[in-house]
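Have a look at the structure below before the remarks.
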Amino acid sequence: MSKKSILPTIQKLIEVIEMRIPTACAESWDAVGLVCGDPSKKLTGVVIGVDLTEALFETALKKKANLIVIHHPPLFPKGRGITRLVKGRDSDLNTILLKAYEKNISIYVAHTNFDRCALDGMIALADDLGAEAIARVWESPEEGETLLKKLVTYVPVEQFESVRDALFGIGCGHIGNYDSCGFAIGGMGSFRGLKGSKPTIGKVGELEQVEEIRFETLFIAGMEKVVIETLRDAHPYEEVAFDIYSIEQDPGMKGMVWGLGYGFVAELKKPVSYAEFVKRVKKVFHVNAFLTHQFEPKQVRKIAFTPGKGSSFVRSVGKHQVDVYITGEVGYHGSLEAARSGVNVMELGHRESEHYFLKTIAYWCQEWDLPHTVIDERTQRIV
């Protein structure tokens, strides 16, 4: 979308957004993507917020915008949310969704896929805090699960580079501070097309032997769908041979890896006092106060950040030996655990910690020259 281009359809905008934050990268329990509306409509404007509220809907009407982009799914948890669109109180989510549908306003959700993939937002936030992002933060996997998978496939020599580059282009082969990591070795592949097949090489019923390259690379668990779709689109064969294996070792504790983990670990460009860093956090996140505990580092050199609920990341940030962990909420016991490991926790509030979502989506709209309005509502307040 260029600055002089005609406004796209909603579907075209969604396709561009999902090139950056594929829905396949969302957690399995999440409900992301278009949840209401007709994607074939021409886009007239975008309203951006964290939660679906009356204020967002009224702003969309006022601005004649027909797309609302939000962070928190209104149909949530997946399979256990709203099952009927019946009008009730004006503030009810089902009522707002119903009114949006009646007024031809689409609702689009970018949640955990945004958190895992929008690296430009993470890097910009770290920079605003006077730091350089150097790693992601991730949860320990459930028993029997792994964070990494390995793809092995076989490609004719002539098309090898185009297939490899397509896979690298969606984030395969990113290890620590390196990307485009893979291994290739030559060999001979054989096949025979049966009746009904349309072989790219050779003829139906004849045994063929083709010089191929075995290629293997890593990707992040949860990315299986987008990896397989990309492989099939780029590969010349009608039937693509591939295997996917679980990788037992965890990813390294460095590198801003696309699709893996949440938030970031960052090193301050210049160490500052804790009091000075508190002022910086309040300014960047637009908060007047936050919840913390009694342990305070003398200086702040290394920090971590995850949006929303951060209790499951306390041990992970402890391994990074950070001075301060910024998040939405960790709870009493999470705060105790962090203090005992020498980490100061700043609990901004769930909604307050996701302020960067608004800035990032607004920046994308500006980049694509799309009319947009940001509604920065605060769910909780200090009195």
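Each chain in the structure tokens gets a letter, A, B and so on, in the order shown; residues start at 1 in every chain, and ligands are counted from 1 in the order they appear.
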Query - helix (DSSP H, G or I) residues, from DSSP on the backbone, in segment 97-283 of chain A, as an MDAnalysis selection string - result: chainID A and resid 97:102 112:117 119:128 157:169 224:234 274:283
Where in segment 30-275 of chain A does DSSP assign strand (DSSP E), given as a short mmCIF file (atom, residue, chain, number, x, y, z; two decimals) with C-alpha atoms, in the first residue's frame?
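Output contents, as saved in out06.cif:
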data_model
loop_
_atom_site.label_atom_id
_atom_site.label_comp_id
_atom_site.auth_asym_id
_atom_site.auth_seq_id
_atom_site.Cartn_x
_atom_site.Cartn_y
_atom_site.Cartn_z
CA GLY A 33 -8.44 -12.50 13.49
CA LEU A 34 -11.68 -11.08 12.10
CA VAL A 35 -14.51 -11.80 14.57
CA CYS A 36 -17.22 -9.62 13.06
CA VAL A 46 -9.53 2.33 11.42
CA VAL A 47 -10.22 2.81 15.13
CA ILE A 48 -7.64 1.27 17.49
CA LEU A 67 -12.78 -1.36 11.02
CA ILE A 68 -12.01 -1.58 14.74
CA VAL A 69 -8.68 -3.21 15.67
CA ILE A 70 -8.44 -4.40 19.28
CA SER A 106 -15.76 -5.03 11.27
CA ILE A 107 -13.91 -6.09 14.43
CA TYR A 108 -10.38 -7.47 14.14
CA VAL A 109 -8.37 -8.97 17.04
CA ALA A 131 17.59 0.34 26.40
CA GLU A 132 18.48 -2.08 23.61
CA ALA A 133 16.40 -5.25 23.30
CA ILE A 134 18.62 -8.35 23.25
CA ALA A 135 16.32 -11.34 23.93
CA ARG A 136 12.75 -12.58 24.29
CA VAL A 137 11.05 -13.93 27.42
CA LEU A 148 11.33 -25.70 18.89
CA LYS A 149 10.54 -27.88 15.87
CA LYS A 150 12.71 -28.96 12.95
CA LEU A 151 11.50 -29.06 9.35
CA VAL A 152 13.13 -31.45 6.88
CA THR A 153 12.16 -31.29 3.21
CA TYR A 154 13.48 -32.26 -0.22
CA VAL A 155 13.72 -29.77 -3.09
CA PRO A 156 14.92 -30.01 -6.71
CA PHE A 183 21.60 -27.21 6.54
CA ALA A 184 21.51 -28.67 3.03
CA ILE A 185 22.95 -31.80 1.44
CA GLY A 186 22.51 -33.23 -2.05
CA GLY A 187 21.02 -36.60 -2.97
CA MET A 188 18.83 -38.43 -5.45
CA GLY A 189 15.05 -38.54 -5.08
CA SER A 190 12.74 -40.96 -6.85
CA PHE A 191 9.00 -41.11 -7.53
CA ARG A 192 6.42 -42.35 -9.99
CA LEU A 207 9.79 -43.91 -12.59
CA GLU A 208 11.75 -40.68 -12.24
CA GLN A 209 15.00 -39.87 -10.47
CA VAL A 210 15.73 -36.24 -9.67
CA GLU A 211 18.76 -34.56 -8.15
CA GLU A 212 17.39 -32.99 -4.97
CA ILE A 213 18.62 -31.20 -1.89
CA ARG A 214 17.63 -32.27 1.61
CA PHE A 215 17.09 -29.08 3.59
CA GLU A 216 16.50 -28.77 7.32
CA THR A 217 15.86 -25.75 9.51
CA LEU A 218 14.32 -24.84 12.87
CA PHE A 219 11.11 -22.99 13.60
CA ILE A 220 9.05 -22.10 16.66
CA PHE A 242 8.52 -33.13 4.48
CA ASP A 243 8.96 -34.21 8.11
CA ILE A 244 8.58 -32.21 11.32
CA TYR A 245 10.43 -33.21 14.51
CA SER A 246 10.32 -31.91 18.08
CA ILE A 247 13.62 -30.45 19.35
CA TYR A 262 6.80 -12.39 24.77
CA GLY A 263 8.21 -8.95 25.45
CA PHE A 264 11.95 -8.55 25.71
CA VAL A 265 15.06 -8.51 27.84
CA ALA A 266 17.07 -5.32 27.33
CA GLU A 267 20.25 -3.66 28.47
CA LEU A 268 20.15 0.03 29.30
CA LYS A 269 22.41 2.13 27.11
CA LYS A 270 23.56 3.85 30.28
CA PRO A 271 22.86 2.57 33.84
CA VAL A 272 20.60 4.84 35.89
CA SER A 273 19.38 5.01 39.47
#
**Report entry** Non-local contacts of segment 11-14 of chain A (9 Å; only C-alpha atoms; under 6 positions in same chain excluded) as an MDAnalysis selection string
**Finding:** chainID A and resid 1 33:34 38:43 108
Query raised in the report: Which is closer to Ala304 of chain A than all the others in A:Tyr325, A:Trp138, A:Tyr332, A:Phe290, using only C-alpha atoms?
Result: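 The answer is A:Tyr325, which sits nearest to Ala304 of chain A.
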Query - Closest of A:Gly173, A:Gly318, A:Pro307, A:Gly261 to Ser335 of chain A - atom-to-atom distances counting only C-alpha atoms - result: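 Of the candidates, the smallest distance to Ser335 of chain A is held by A:Gly318.
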Query raised in the report: How many Å separate atom CA of Val226 of chain A from atom CA of Asp30 of chain A?
Result: 16.4 Å
**Report entry** Top pick for closest residue to Gly182 of chain A, considering A:Gly328, A:Arg378, A:Glu161, A:Arg232 and counting only C-alpha atoms
**Finding:** A:Glu161
Requested in this report: Name the closest residue to Glu377 of chain A among the candidates A:Pro74, A:Gly169, A:Pro297, A:Gly49; distances are taken between atoms, counting only C-alpha atoms.
Outcome: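 Result for the nearest residue to Glu377 of chain A: A:Gly49.
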